file protein-v9.cif (mmCIF, C-alpha atoms)
data_upload
#
loop_
_atom_site.label_atom_id
_atom_site.label_comp_id
_atom_site.auth_asym_id
_atom_site.auth_seq_id
_atom_site.Cartn_x
_atom_site.Cartn_y
_atom_site.Cartn_z
CA MET A 1 -27.83 27.07 114.03
CA PRO A 2 -30.54 26.42 116.62
CA ALA A 3 -29.70 27.32 120.21
CA ILE A 4 -29.87 24.54 122.84
CA THR A 5 -30.44 25.39 126.50
CA VAL A 6 -30.56 22.92 129.38
CA ASP A 7 -32.19 23.57 132.76
CA GLY A 8 -31.75 20.54 135.02
CA THR A 9 -33.35 17.68 133.10
CA VAL A 10 -35.29 19.90 130.68
CA PHE A 11 -33.87 21.00 127.34
CA ARG A 12 -35.06 23.55 124.79
CA ILE A 13 -33.99 23.92 121.17
CA SER A 14 -35.00 27.27 119.71
CA GLY A 15 -34.75 28.63 116.21
CA VAL A 16 -35.73 25.38 114.47
CA VAL A 17 -37.10 26.01 110.99
CA PRO A 18 -40.37 24.13 110.36
CA GLY A 19 -40.05 21.04 108.16
CA PRO A 20 -39.10 17.37 108.17
CA TYR A 21 -36.11 16.22 110.25
CA ARG A 22 -34.34 12.90 110.66
CA LEU A 23 -31.59 12.40 113.23
CA SER A 24 -28.42 10.75 112.00
CA PRO A 25 -27.05 7.55 113.57
CA GLY A 26 -23.62 9.12 113.09
CA MET A 27 -24.37 11.52 115.91
CA ARG A 28 -22.50 10.93 119.17
CA GLY A 29 -24.22 8.53 121.50
CA VAL A 30 -25.51 6.16 118.81
CA ARG A 31 -22.35 4.23 117.71
CA ALA A 32 -19.91 5.89 120.12
CA PRO A 33 -20.77 6.99 123.67
CA VAL A 34 -20.93 10.54 124.95
CA GLY A 35 -18.56 10.09 127.88
CA ARG A 36 -19.96 6.87 129.31
CA TRP A 37 -23.52 7.49 128.06
CA TRP A 38 -25.26 5.85 125.10
CA LEU A 39 -28.31 7.38 123.43
CA LYS A 40 -31.19 4.94 123.69
CA SER A 41 -34.03 7.00 122.23
CA ILE A 42 -35.34 10.47 121.48
CA VAL A 43 -39.13 10.39 121.56
CA ALA A 44 -41.28 13.34 120.47
CA GLY A 45 -44.89 13.31 119.44
CA GLY A 46 -45.02 9.60 120.33
CA ARG A 47 -42.32 8.69 117.77
CA ASP A 48 -38.71 7.64 118.27
CA LEU A 49 -36.79 10.17 116.19
CA LEU A 50 -33.90 7.74 115.82
CA ASP A 51 -36.19 5.47 113.76
CA ALA A 52 -38.52 7.82 111.91
CA PRO A 53 -38.55 11.38 110.62
CA LEU A 54 -40.40 14.10 112.46
CA ASN A 55 -42.22 16.86 110.63
CA ILE A 56 -41.98 19.91 112.89
CA GLN A 57 -44.67 22.48 112.19
CA GLN A 58 -45.10 23.82 115.73
CA SER A 59 -43.54 23.57 119.18
CA ILE A 60 -43.18 20.11 120.69
CA ASP A 61 -43.36 19.97 124.47
CA ASP A 62 -43.15 16.21 125.05
CA ALA A 63 -39.67 15.32 123.70
CA VAL A 64 -37.71 12.93 125.91
CA ALA A 65 -34.07 11.93 125.31
CA THR A 66 -33.12 8.72 127.13
CA PHE A 67 -29.48 7.82 127.80
CA THR A 68 -28.05 4.67 129.38
CA ASP A 69 -24.64 3.60 130.60
CA ARG A 70 -25.15 0.12 129.07
CA ALA A 71 -25.23 -0.79 125.38
CA SER A 72 -25.48 -3.92 123.30
CA GLU A 73 -22.30 -5.08 121.61
CA ILE A 74 -21.72 -7.66 118.93
CA ALA A 75 -18.14 -8.58 118.15
CA GLY A 76 -16.09 -11.31 116.59
CA THR A 77 -13.61 -12.15 113.89
CA VAL A 78 -13.92 -12.37 110.13
CA ARG A 79 -11.68 -14.64 108.06
CA ASP A 80 -11.64 -16.15 104.60
CA ALA A 81 -12.06 -19.89 103.93
CA ARG A 82 -8.29 -20.44 104.53
CA GLY A 83 -8.50 -18.80 107.97
CA THR A 84 -6.76 -15.56 106.93
CA ALA A 85 -7.96 -12.26 108.41
CA THR A 86 -9.80 -10.06 105.89
CA PRO A 87 -9.53 -6.42 107.03
CA GLU A 88 -10.71 -5.07 103.65
CA ILE A 89 -14.13 -6.76 104.00
CA TRP A 90 -17.15 -5.00 105.52
CA VAL A 91 -19.09 -6.54 108.41
CA VAL A 92 -22.72 -5.41 108.27
CA ALA A 93 -25.52 -5.87 110.80
CA PHE A 94 -29.04 -5.08 109.61
CA PRO A 95 -32.57 -5.72 110.86
CA VAL A 96 -34.80 -8.49 109.54
CA ASP A 97 -37.68 -5.99 109.75
CA ARG A 98 -37.62 -4.19 106.43
CA THR A 99 -39.09 -0.99 107.93
CA GLY A 100 -35.57 -0.37 109.28
CA TRP A 101 -34.04 -0.46 105.79
CA PHE A 102 -33.52 3.23 105.02
CA PHE A 103 -30.53 5.52 104.59
CA ASN A 104 -28.75 6.26 107.88
CA SER A 105 -30.93 3.84 109.86
CA ARG A 106 -29.52 3.35 113.36
CA ARG A 107 -30.52 -0.32 112.98
CA ILE A 108 -27.93 -0.80 110.22
CA ALA A 109 -24.22 -0.69 111.05
CA ALA A 110 -21.11 -1.49 109.04
CA VAL A 111 -17.47 -1.71 110.12
CA HIS A 112 -14.15 -2.86 108.74
CA PRO A 113 -12.36 -5.40 110.94
CA ASP A 114 -8.86 -4.58 112.16
CA ARG A 115 -5.73 -6.26 110.72
CA SER A 116 -6.31 -9.36 112.85
CA GLY A 117 -9.92 -9.67 111.66
CA GLN A 118 -11.49 -8.39 114.92
CA TRP A 119 -14.64 -6.27 114.62
CA SER A 120 -17.23 -4.76 116.95
CA ILE A 121 -20.58 -2.94 116.63
CA SER A 122 -22.18 -1.23 119.64
CA ASN A 123 -25.62 0.02 120.62
CA LEU A 124 -27.93 -1.78 118.19
CA PRO A 125 -31.52 -1.48 119.44
CA ILE A 126 -33.49 -4.55 120.54
CA GLY A 127 -34.55 -6.64 117.55
CA GLU A 128 -33.85 -9.44 115.10
CA TYR A 129 -30.83 -8.92 112.84
CA ARG A 130 -28.63 -10.59 110.27
CA VAL A 131 -24.84 -10.18 110.26
CA VAL A 132 -22.84 -10.64 107.07
CA ALA A 133 -19.27 -10.13 105.91
CA GLY A 134 -18.75 -9.16 102.31
CA ASP A 135 -17.04 -7.09 99.67
CA LEU A 136 -19.45 -4.15 99.50
CA ASP A 137 -19.17 -0.57 98.36
CA PRO A 138 -19.66 2.07 101.09
CA ASN A 139 -23.35 2.63 101.89
CA ASP A 140 -24.49 -0.44 99.89
CA TRP A 141 -25.89 -1.63 103.22
CA PHE A 142 -28.60 1.04 103.05
CA ASP A 143 -29.87 -0.22 99.67
CA PRO A 144 -32.94 -2.43 100.20
CA SER A 145 -32.13 -4.53 97.10
CA VAL A 146 -28.66 -5.31 98.52
CA LEU A 147 -30.11 -6.15 101.94
CA GLU A 148 -32.71 -8.39 100.30
CA ARG A 149 -29.89 -10.29 98.59
CA LEU A 150 -27.87 -10.56 101.84
CA LEU A 151 -30.80 -11.52 104.09
CA PRO A 152 -30.83 -15.30 103.42
CA THR A 153 -27.03 -15.60 103.82
CA GLY A 154 -26.73 -13.61 107.06
CA THR A 155 -26.01 -15.09 110.47
CA PRO A 156 -29.11 -14.67 112.68
CA LEU A 157 -28.74 -12.43 115.74
CA ARG A 158 -31.27 -11.39 118.39
CA VAL A 159 -30.45 -8.29 120.43
CA THR A 160 -32.44 -8.37 123.67
CA GLY A 161 -30.70 -5.65 125.65
CA ALA A 162 -27.27 -4.53 126.79
CA GLU A 163 -25.54 -7.86 126.32
CA ARG A 164 -22.30 -8.71 124.49
CA GLN A 165 -22.52 -11.39 121.82
CA THR A 166 -19.77 -12.98 119.76
CA ILE A 167 -20.18 -13.93 116.10
CA ASP A 168 -17.26 -15.26 114.07
CA LEU A 169 -17.76 -14.94 110.32
CA VAL A 170 -16.21 -16.66 107.31
CA VAL A 171 -16.14 -14.98 103.91
CA ARG A 172 -16.77 -17.52 101.16
#
call {"tool": "encode", "arguments": {"input": "protein-v9.cif", "output": "structure tokens"}}
result
Amino acid sequence: MPAITVDGTVFRISGVVPGPYRLSPGMRGVRAPVGRWWLKSIVAGGRDLLDAPLNIQQSIDDAVATFTDRASEIAGTVRDARGTATPEIWVVAFPVDRTGWFFNSRRIAAVHPDRSGQWSISNLPIGEYRVVAGDLDPNDWFDPSVLERLLPTGTPLRVTGAERQTIDLVVR
């Protein structure tokens, strides 16, 4: 396991084996805060590592991790056509931009609502999204063919920063 050292605002990760790396959106700070801090970006070699893989072949001296104490949040309820809460349904937010349609993209998030139909997704990056509620298998939301099918039926959403938006959904 690579060793991480921090000196003030500078960090060093040693013992990294050369090769391609992609950071997971499941890491702390992306969907759940680290304390009160949300991970906004990790940029190295001019690329945001939360959105694209990095092929490490040599040392990188320009990596910058940016944290914020503010995050976007979308929340709402999901019900069926009769108005009944549907906690077994998935609520999925995904980008309109197809370049964000890959496995473990931080721009794709899925949650089950609670028993009362309430749901919430935090820390989506700025962008245009669609939000859908549906009976999906786990990780279907990373399949571009599934997203293509869901795109025209999704509720439009624009994330512009650390605002809270409410979207109530009906499963048909």
call {"tool": "resolve_selection", "arguments": {"input": "protein-v9.cif", "expression": "the PyMOL selection byres ((chain A and resi 36) around 12)", "output": "list in words"}}
result
Arg28, Gly29, Val30, Ala32, Pro33, Val34, Gly35, Trp37, Trp38, Leu39, Phe67, Thr68, Asp69, Arg70 and Ala71 of chain A
call {"tool": "write_last_selection", "arguments": {"input": "protein-v9.cif", "atoms": "C-alpha atoms", "output": "PDB file, in the coordinates of the input"}}
result
ATOM      1  CA  ARG A  28     -22.500  10.930 119.170  1.00  0.00           C
ATOM      2  CA  GLY A  29     -24.220   8.530 121.500  1.00  0.00           C
ATOM      3  CA  VAL A  30     -25.510   6.160 118.810  1.00  0.00           C
ATOM      4  CA  ALA A  32     -19.910   5.890 120.120  1.00  0.00           C
ATOM      5  CA  PRO A  33     -20.770   6.990 123.670  1.00  0.00           C
ATOM      6  CA  VAL A  34     -20.930  10.540 124.950  1.00  0.00           C
ATOM      7  CA  GLY A  35     -18.560  10.090 127.880  1.00  0.00           C
ATOM      8  CA  TRP A  37     -23.520   7.490 128.060  1.00  0.00           C
ATOM      9  CA  TRP A  38     -25.260   5.850 125.100  1.00  0.00           C
ATOM     10  CA  LEU A  39     -28.310   7.380 123.430  1.00  0.00           C
ATOM     11  CA  PHE A  67     -29.480   7.820 127.800  1.00  0.00           C
ATOM     12  CA  THR A  68     -28.050   4.670 129.380  1.00  0.00           C
ATOM     13  CA  ASP A  69     -24.640   3.600 130.600  1.00  0.00           C
ATOM     14  CA  ARG A  70     -25.150   0.120 129.070  1.00  0.00           C
ATOM     15  CA  ALA A  71     -25.230  -0.790 125.380  1.00  0.00           C
TER      16      ALA A  71
END
call {"tool": "resolve_selection", "arguments": {"input": "protein-v9.cif", "expression": "the PyMOL selection byres ((chain A and resi 81) around 12)", "output": "ChimeraX atom specification"}}
result
/A:78-80,82-86,169-172
call {"tool": "atom_distance", "arguments": {"input": "protein-v9.cif", "atom1": "atom CA of Ser120 of chain A", "atom2": "atom CA of Glu148 of chain A"}}
result
23.0 Å
call {"tool": "resolve_selection", "arguments": {"input": "protein-v9.cif", "expression": "the PyMOL selection byres ((chain A and resi 150) around 10)", "output": "list of chain:residue names"}}
result
A:Val92, A:Phe94, A:Arg130, A:Val131, A:Val132, A:Ala133, A:Gly134, A:Trp141, A:Pro144, A:Ser145, A:Val146, A:Leu147, A:Glu148, A:Arg149, A:Leu151, A:Pro152, A:Thr153, A:Gly154, A:Thr155
call {"tool": "closest_residue", "arguments": {"input": "protein-v9.cif", "among": "A:Leu136, A:Ala44, A:Ala52, A:Ala162", "to": "Ile89 of chain A", "atoms": "all atoms listed in the file"}}
result
A:Leu136
call {"tool": "closest_residue", "arguments": {"input": "protein-v9.cif", "among": "A:Thr160, A:Gly19, A:Thr166, A:Gly76", "to": "Ser116 of chain A", "atoms": "all atoms listed in the file"}}
result
A:Gly76
call {"tool": "closest_residue", "arguments": {"input": "protein-v9.cif", "among": "A:Pro113, A:Gly45, A:Pro138, A:Pro95", "to": "Arg158 of chain A", "atoms": "only C-alpha atoms"}}
result
A:Pro95
call {"tool": "closest_residue", "arguments": {"input": "protein-v9.cif", "among": "A:Gly127, A:Gly100, A:Pro87, A:Pro2", "to": "His112 of chain A", "atoms": "only C-alpha atoms"}}
result
A:Pro87
call {"tool": "closest_residue", "arguments": {"input": "protein-v9.cif", "among": "A:Ile121, A:Ala3, A:Val64, A:Leu50", "to": "Phe103 of chain A", "atoms": "only C-alpha atoms"}}
result
A:Leu50
call {"tool": "residues_around", "arguments": {"input": "protein-v9.cif", "residues": "Ser105 of chain A", "least_positions_apart": "4", "cutoff": "12 Å", "atoms": "all atoms listed in the file", "output": "PDB file with C-alpha atoms, keeping the file's coordinate frame"}}
result
ATOM      1  CA  ARG A  22     -34.340  12.900 110.660  1.00  0.00           C
ATOM      2  CA  LEU A  23     -31.590  12.400 113.230  1.00  0.00           C
ATOM      3  CA  SER A  24     -28.420  10.750 112.000  1.00  0.00           C
ATOM      4  CA  PRO A  25     -27.050   7.550 113.570  1.00  0.00           C
ATOM      5  CA  GLY A  26     -23.620   9.120 113.090  1.00  0.00           C
ATOM      6  CA  MET A  27     -24.370  11.520 115.910  1.00  0.00           C
ATOM      7  CA  VAL A  30     -25.510   6.160 118.810  1.00  0.00           C
ATOM      8  CA  ARG A  31     -22.350   4.230 117.710  1.00  0.00           C
ATOM      9  CA  LEU A  49     -36.790  10.170 116.190  1.00  0.00           C
ATOM     10  CA  LEU A  50     -33.900   7.740 115.820  1.00  0.00           C
ATOM     11  CA  ASP A  51     -36.190   5.470 113.760  1.00  0.00           C
ATOM     12  CA  ALA A  52     -38.520   7.820 111.910  1.00  0.00           C
ATOM     13  CA  PRO A  53     -38.550  11.380 110.620  1.00  0.00           C
ATOM     14  CA  ALA A  93     -25.520  -5.870 110.800  1.00  0.00           C
ATOM     15  CA  PHE A  94     -29.040  -5.080 109.610  1.00  0.00           C
ATOM     16  CA  PRO A  95     -32.570  -5.720 110.860  1.00  0.00           C
ATOM     17  CA  ASP A  97     -37.680  -5.990 109.750  1.00  0.00           C
ATOM     18  CA  ARG A  98     -37.620  -4.190 106.430  1.00  0.00           C
ATOM     19  CA  THR A  99     -39.090  -0.990 107.930  1.00  0.00           C
ATOM     20  CA  GLY A 100     -35.570  -0.370 109.280  1.00  0.00           C
ATOM     21  CA  TRP A 101     -34.040  -0.460 105.790  1.00  0.00           C
ATOM     22  CA  ALA A 109     -24.220  -0.690 111.050  1.00  0.00           C
ATOM     23  CA  ALA A 110     -21.110  -1.490 109.040  1.00  0.00           C
ATOM     24  CA  LEU A 124     -27.930  -1.780 118.190  1.00  0.00           C
ATOM     25  CA  PRO A 125     -31.520  -1.480 119.440  1.00  0.00           C
ATOM     26  CA  ASN A 139     -23.350   2.630 101.890  1.00  0.00           C
ATOM     27  CA  TRP A 141     -25.890  -1.630 103.220  1.00  0.00           C
ATOM     28  CA  PHE A 142     -28.600   1.040 103.050  1.00  0.00           C
ATOM     29  CA  ASP A 143     -29.870  -0.220  99.670  1.00  0.00           C
ATOM     30  CA  PRO A 144     -32.940  -2.430 100.200  1.00  0.00           C
TER      31      PRO A 144
END
call {"tool": "residues_around", "arguments": {"input": "protein-v9.cif", "residues": "Ile56 of chain A", "least_positions_apart": "4", "cutoff": "8 Å", "atoms": "all atoms listed in the file", "output": "PyMOL selection string"}}
result
chain A and resi 18-21+60
call {"tool": "atom_distance", "arguments": {"input": "protein-v9.cif", "atom1": "atom CA of Ile74 of chain A", "atom2": "atom CA of Gly117 of chain A"}}
result
14.0 Å
call {"tool": "closest_residue", "arguments": {"input": "protein-v9.cif", "among": "A:Ile167, A:Lys40, A:Phe11, A:Val159", "to": "Asp62 of chain A", "atoms": "only C-alpha atoms"}}
result
A:Phe11
call {"tool": "atom_distance", "arguments": {"input": "protein-v9.cif", "atom1": "atom CA of Trp90 of chain A", "atom2": "atom CA of Ile126 of chain A"}}
result
22.2 Å
call {"tool": "decode", "arguments": {"input": "protein-v9.cif", "residues": "segment 117-131 of chain A", "atoms": "all heavy atoms", "output": "PDB file, in the first residue's frame"}}
result
ATOM      1  N   GLY A 117     -40.389   7.537   0.682  1.00  0.00           N
ATOM      2  CA  GLY A 117     -40.147   7.986  -0.688  1.00  0.00           C
ATOM      3  C   GLY A 117     -39.154   9.126  -0.805  1.00  0.00           C
ATOM      4  O   GLY A 117     -38.896   9.619  -1.897  1.00  0.00           O
ATOM      5  N   GLN A 118     -38.551   9.563   0.309  1.00  0.00           N
ATOM      6  CA  GLN A 118     -37.573  10.651   0.290  1.00  0.00           C
ATOM      7  C   GLN A 118     -36.224  10.134  -0.210  1.00  0.00           C
ATOM      8  O   GLN A 118     -35.803   9.034   0.160  1.00  0.00           O
ATOM      9  CB  GLN A 118     -37.384  11.232   1.696  1.00  0.00           C
ATOM     10  CG  GLN A 118     -38.639  11.813   2.300  1.00  0.00           C
ATOM     11  CD  GLN A 118     -39.028  13.110   1.639  1.00  0.00           C
ATOM     12  OE1 GLN A 118     -38.185  13.946   1.337  1.00  0.00           O
ATOM     13  NE2 GLN A 118     -40.315  13.281   1.396  1.00  0.00           N
ATOM     14  N   TRP A 119     -35.541  10.942  -1.022  1.00  0.00           N
ATOM     15  CA  TRP A 119     -34.220  10.585  -1.529  1.00  0.00           C
ATOM     16  C   TRP A 119     -33.362  11.840  -1.599  1.00  0.00           C
ATOM     17  O   TRP A 119     -33.872  12.958  -1.607  1.00  0.00           O
ATOM     18  CB  TRP A 119     -34.314   9.917  -2.902  1.00  0.00           C
ATOM     19  CG  TRP A 119     -34.932  10.796  -3.949  1.00  0.00           C
ATOM     20  CD1 TRP A 119     -36.262  10.931  -4.235  1.00  0.00           C
ATOM     21  CD2 TRP A 119     -34.246  11.704  -4.807  1.00  0.00           C
ATOM     22  NE1 TRP A 119     -36.443  11.865  -5.230  1.00  0.00           N
ATOM     23  CE2 TRP A 119     -35.227  12.347  -5.601  1.00  0.00           C
ATOM     24  CE3 TRP A 119     -32.908  12.025  -4.994  1.00  0.00           C
ATOM     25  CZ2 TRP A 119     -34.890  13.307  -6.559  1.00  0.00           C
ATOM     26  CZ3 TRP A 119     -32.584  12.969  -5.948  1.00  0.00           C
ATOM     27  CH2 TRP A 119     -33.577  13.600  -6.718  1.00  0.00           C
ATOM     28  N   SER A 120     -32.049  11.636  -1.672  1.00  0.00           N
ATOM     29  CA  SER A 120     -31.110  12.759  -1.740  1.00  0.00           C
ATOM     30  C   SER A 120     -29.801  12.281  -2.362  1.00  0.00           C
ATOM     31  O   SER A 120     -29.338  11.181  -2.071  1.00  0.00           O
ATOM     32  CB  SER A 120     -30.852  13.296  -0.331  1.00  0.00           C
ATOM     33  OG  SER A 120     -29.839  14.269  -0.342  1.00  0.00           O
ATOM     34  N   ILE A 121     -29.227  13.122  -3.224  1.00  0.00           N
ATOM     35  CA  ILE A 121     -27.911  12.879  -3.827  1.00  0.00           C
ATOM     36  C   ILE A 121     -27.095  14.148  -3.639  1.00  0.00           C
ATOM     37  O   ILE A 121     -27.555  15.238  -3.983  1.00  0.00           O
ATOM     38  CB  ILE A 121     -28.028  12.527  -5.325  1.00  0.00           C
ATOM     39  CG1 ILE A 121     -28.778  11.211  -5.517  1.00  0.00           C
ATOM     40  CG2 ILE A 121     -26.644  12.481  -5.984  1.00  0.00           C
ATOM     41  CD1 ILE A 121     -29.113  10.884  -6.963  1.00  0.00           C
ATOM     42  N   SER A 122     -25.872  14.013  -3.124  1.00  0.00           N
ATOM     43  CA  SER A 122     -25.019  15.169  -2.857  1.00  0.00           C
ATOM     44  C   SER A 122     -23.771  15.175  -3.716  1.00  0.00           C
ATOM     45  O   SER A 122     -23.281  14.130  -4.139  1.00  0.00           O
ATOM     46  CB  SER A 122     -24.597  15.182  -1.383  1.00  0.00           C
ATOM     47  OG  SER A 122     -25.715  15.343  -0.553  1.00  0.00           O
ATOM     48  N   ASN A 123     -23.274  16.386  -3.948  1.00  0.00           N
ATOM     49  CA  ASN A 123     -21.958  16.644  -4.534  1.00  0.00           C
ATOM     50  C   ASN A 123     -21.827  16.258  -6.002  1.00  0.00           C
ATOM     51  O   ASN A 123     -20.757  15.849  -6.442  1.00  0.00           O
ATOM     52  CB  ASN A 123     -20.854  15.982  -3.704  1.00  0.00           C
ATOM     53  CG  ASN A 123     -19.521  16.704  -3.845  1.00  0.00           C
ATOM     54  OD1 ASN A 123     -19.480  17.909  -4.057  1.00  0.00           O
ATOM     55  ND2 ASN A 123     -18.438  15.969  -3.734  1.00  0.00           N
ATOM     56  N   LEU A 124     -22.893  16.419  -6.794  1.00  0.00           N
ATOM     57  CA  LEU A 124     -22.735  16.272  -8.241  1.00  0.00           C
ATOM     58  C   LEU A 124     -21.978  17.495  -8.753  1.00  0.00           C
ATOM     59  O   LEU A 124     -22.256  18.623  -8.327  1.00  0.00           O
ATOM     60  CB  LEU A 124     -24.088  16.191  -8.942  1.00  0.00           C
ATOM     61  CG  LEU A 124     -24.847  14.874  -8.816  1.00  0.00           C
ATOM     62  CD1 LEU A 124     -26.243  15.015  -9.419  1.00  0.00           C
ATOM     63  CD2 LEU A 124     -24.091  13.744  -9.483  1.00  0.00           C
ATOM     64  N   PRO A 125     -21.046  17.313  -9.658  1.00  0.00           N
ATOM     65  CA  PRO A 125     -20.318  18.456 -10.226  1.00  0.00           C
ATOM     66  C   PRO A 125     -21.247  19.317 -11.098  1.00  0.00           C
ATOM     67  O   PRO A 125     -22.309  18.866 -11.537  1.00  0.00           O
ATOM     68  CB  PRO A 125     -19.240  17.810 -11.091  1.00  0.00           C
ATOM     69  CG  PRO A 125     -19.166  16.393 -10.668  1.00  0.00           C
ATOM     70  CD  PRO A 125     -20.513  16.041 -10.134  1.00  0.00           C
ATOM     71  N   ILE A 126     -20.821  20.518 -11.384  1.00  0.00           N
ATOM     72  CA  ILE A 126     -21.561  21.422 -12.266  1.00  0.00           C
ATOM     73  C   ILE A 126     -21.805  20.734 -13.601  1.00  0.00           C
ATOM     74  O   ILE A 126     -20.914  20.078 -14.146  1.00  0.00           O
ATOM     75  CB  ILE A 126     -20.775  22.735 -12.451  1.00  0.00           C
ATOM     76  CG1 ILE A 126     -20.775  23.519 -11.135  1.00  0.00           C
ATOM     77  CG2 ILE A 126     -21.326  23.558 -13.601  1.00  0.00           C
ATOM     78  CD1 ILE A 126     -19.868  24.727 -11.133  1.00  0.00           C
ATOM     79  N   GLY A 127     -23.033  20.872 -14.115  1.00  0.00           N
ATOM     80  CA  GLY A 127     -23.350  20.279 -15.412  1.00  0.00           C
ATOM     81  C   GLY A 127     -24.834  20.097 -15.620  1.00  0.00           C
ATOM     82  O   GLY A 127     -25.649  20.405 -14.761  1.00  0.00           O
ATOM     83  N   GLU A 128     -25.160  19.570 -16.797  1.00  0.00           N
ATOM     84  CA  GLU A 128     -26.540  19.260 -17.177  1.00  0.00           C
ATOM     85  C   GLU A 128     -26.779  17.775 -16.916  1.00  0.00           C
ATOM     86  O   GLU A 128     -25.983  16.937 -17.352  1.00  0.00           O
ATOM     87  CB  GLU A 128     -26.772  19.559 -18.662  1.00  0.00           C
ATOM     88  CG  GLU A 128     -26.557  21.006 -19.048  1.00  0.00           C
ATOM     89  CD  GLU A 128     -27.671  21.916 -18.535  1.00  0.00           C
ATOM     90  OE1 GLU A 128     -28.808  21.441 -18.357  1.00  0.00           O
ATOM     91  OE2 GLU A 128     -27.390  23.100 -18.299  1.00  0.00           O
ATOM     92  N   TYR A 129     -27.885  17.459 -16.256  1.00  0.00           N
ATOM     93  CA  TYR A 129     -28.196  16.089 -15.866  1.00  0.00           C
ATOM     94  C   TYR A 129     -29.636  15.737 -16.224  1.00  0.00           C
ATOM     95  O   TYR A 129     -30.443  16.603 -16.535  1.00  0.00           O
ATOM     96  CB  TYR A 129     -28.021  15.918 -14.340  1.00  0.00           C
ATOM     97  CG  TYR A 129     -26.594  16.045 -13.887  1.00  0.00           C
ATOM     98  CD1 TYR A 129     -26.035  17.285 -13.623  1.00  0.00           C
ATOM     99  CD2 TYR A 129     -25.797  14.923 -13.724  1.00  0.00           C
ATOM    100  CE1 TYR A 129     -24.707  17.408 -13.207  1.00  0.00           C
ATOM    101  CE2 TYR A 129     -24.477  15.028 -13.309  1.00  0.00           C
ATOM    102  CZ  TYR A 129     -23.941  16.272 -13.052  1.00  0.00           C
ATOM    103  OH  TYR A 129     -22.643  16.375 -12.647  1.00  0.00           O
ATOM    104  N   ARG A 130     -29.924  14.451 -16.121  1.00  0.00           N
ATOM    105  CA  ARG A 130     -31.283  13.935 -16.134  1.00  0.00           C
ATOM    106  C   ARG A 130     -31.442  13.111 -14.871  1.00  0.00           C
ATOM    107  O   ARG A 130     -30.495  12.438 -14.425  1.00  0.00           O
ATOM    108  CB  ARG A 130     -31.575  13.053 -17.355  1.00  0.00           C
ATOM    109  CG  ARG A 130     -31.553  13.797 -18.666  1.00  0.00           C
ATOM    110  CD  ARG A 130     -32.695  14.819 -18.752  1.00  0.00           C
ATOM    111  NE  ARG A 130     -32.708  15.505 -20.024  1.00  0.00           N
ATOM    112  CZ  ARG A 130     -32.100  16.665 -20.263  1.00  0.00           C
ATOM    113  NH1 ARG A 130     -31.407  17.259 -19.304  1.00  0.00           N
ATOM    114  NH2 ARG A 130     -32.184  17.240 -21.446  1.00  0.00           N
ATOM    115  N   VAL A 131     -32.642  13.162 -14.286  1.00  0.00           N
ATOM    116  CA  VAL A 131     -32.951  12.398 -13.081  1.00  0.00           C
ATOM    117  C   VAL A 131     -34.144  11.503 -13.406  1.00  0.00           C
ATOM    118  O   VAL A 131     -35.146  11.987 -13.940  1.00  0.00           O
ATOM    119  CB  VAL A 131     -33.274  13.321 -11.885  1.00  0.00           C
ATOM    120  CG1 VAL A 131     -33.548  12.503 -10.632  1.00  0.00           C
ATOM    121  CG2 VAL A 131     -32.139  14.307 -11.644  1.00  0.00           C
TER     122      VAL A 131
END
